[in-house]
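To keep things clear, I will list the structure first and then write my remarks on it.
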Amino acid sequence: MPFKEDDQLNKRNQQTEDTISESDKEIIDMDFLSGRMLYQDVLNFWSTVMIKTRMLEKASSDGEKQEHLNELSPIPRYEQGYRDAGEKDAKISYIIKLSDPEQIKKYNELVDEFNADLNCIKNEKDNDSLRKYFKRVKEIVEEIK
């Protein structure tokens with residue numbers, strides 16, 4: 001008798017480019033069942049900002065701070081981030097279908113604002129702005145209907 005994990009692995013392996021696995025669907029559904037309007041996985045696109053914020057707080061010199069800041073790059077918009085992460089079209093479509101269009105718009109506007117400010121943040125070594133952006137994105141992503 002096969003193990004349950006083997007069955008789950010077989011289901012995942014049967015996934016094609018045009019489908020979403022049941023396990024992926026269940027994980028995504030659970031995130032939205034709590035009343036969230038965006039898929040929380042989107043916070044992964046901001047992980048470098050969060051990490052660099054902490055590293056900047058511990059940096060002992062301007063040169064060290066600048067090194068951390070130089071590693072920051074623009075954040076992708078909601079749908080594009082999933083594409084950049086290599087997610088399949090079916091999974092992206094499912095995430096978008098469950099996501100609130102107005103919340104996506106708020107998220108994308110914040111991303112655009114962050115990306116427009118990024119060079120200024122780097123030049124001014126503005127860790128406070130990084131913290132504020134990360135706080136704002138968390139508020140948008142974690143907002144409940």
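Order determines the names: the first chain of the structure tokens is A, the second B, and so forth; residues in each chain are numbered 1 upward, and ligands are numbered 1 upward as they are shown.
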
Non-local contacts of A:Asp117 (12 Å; only C-alpha atoms; under 6 positions in same chain excluded) as a VMD selection string: chain A and resid 72 to 75 110 to 111 123 to 126 129 to 130 133

Please provide as a PyMOL selection string all residues within 12 Å of stretch 31-34 of chain A, with the sequence filter that same-chain residues fewer than 4 positions apart are discarded (counting only C-alpha atoms). chain A and resi 24-27+38-42+94-100+141-145

Identify, on the basis of only C-alpha atoms, every residue whose closest approach to A:Leu56 does not exceed 9 Å; exclude the query and any residue fewer than 3 positions from it along the same chain; express the result as a JSON list (two decimals) with N, CA and C atoms, in the first residue's frame.
```json
[["chain", "number", "residue", "atom", "x", "y", "z"],
["A", 51, "ILE", "N", 15.33, 42.18, 4.94],
["A", 51, "ILE", "CA", 16.66, 41.74, 5.38],
["A", 51, "ILE", "C", 17.64, 42.91, 5.40],
["A", 52, "LYS", "N", 17.63, 43.70, 4.34],
["A", 52, "LYS", "CA", 18.57, 44.83, 4.27],
["A", 52, "LYS", "C", 18.27, 45.88, 5.33],
["A", 53, "THR", "N", 17.01, 46.05, 5.69],
["A", 53, "THR", "CA", 16.65, 46.98, 6.76],
["A", 53, "THR", "C", 17.35, 46.57, 8.05],
["A", 59, "ALA", "N", 24.94, 47.88, 10.52],
["A", 59, "ALA", "CA", 26.14, 48.29, 9.77],
["A", 59, "ALA", "C", 26.90, 49.35, 10.58],
["A", 60, "SER", "N", 28.21, 49.22, 10.58],
["A", 60, "SER", "CA", 29.04, 50.11, 11.39],
["A", 60, "SER", "C", 29.63, 51.28, 10.60],
["A", 64, "GLU", "N", 29.70, 50.15, 4.50],
["A", 64, "GLU", "CA", 28.97, 48.91, 4.71],
["A", 64, "GLU", "C", 27.48, 49.11, 4.43],
["A", 65, "LYS", "N", 26.95, 50.26, 4.86],
["A", 65, "LYS", "CA", 25.54, 50.57, 4.58],
["A", 65, "LYS", "C", 25.31, 50.64, 3.07],
["A", 66, "GLN", "N", 26.22, 51.31, 2.36],
["A", 66, "GLN", "CA", 26.06, 51.47, 0.92],
["A", 66, "GLN", "C", 26.10, 50.12, 0.20],
["A", 68, "HIS", "N", 25.02, 47.26, 1.36],
["A", 68, "HIS", "CA", 23.70, 46.64, 1.54],
["A", 68, "HIS", "C", 22.65, 47.32, 0.66],
["A", 69, "LEU", "N", 22.70, 48.63, 0.60],
["A", 69, "LEU", "CA", 21.73, 49.36, -0.21],
["A", 69, "LEU", "C", 21.88, 49.05, -1.69],
["A", 125, "LYS", "N", 20.83, 56.78, 2.06],
["A", 125, "LYS", "CA", 20.97, 55.71, 3.07],
["A", 125, "LYS", "C", 19.79, 55.76, 4.04],
["A", 127, "ASN", "N", 17.19, 54.25, 5.75],
["A", 127, "ASN", "CA", 16.64, 53.01, 6.31],
["A", 127, "ASN", "C", 15.22, 53.21, 6.84]]
```

Who sits within 10 Å of A:Asp89, only C-alpha atoms, same chain under 3 positions skipped, as JSON, numbers by chain: {"A": [17, 18, 19, 20, 82, 83, 86, 92, 93, 94, 95]}
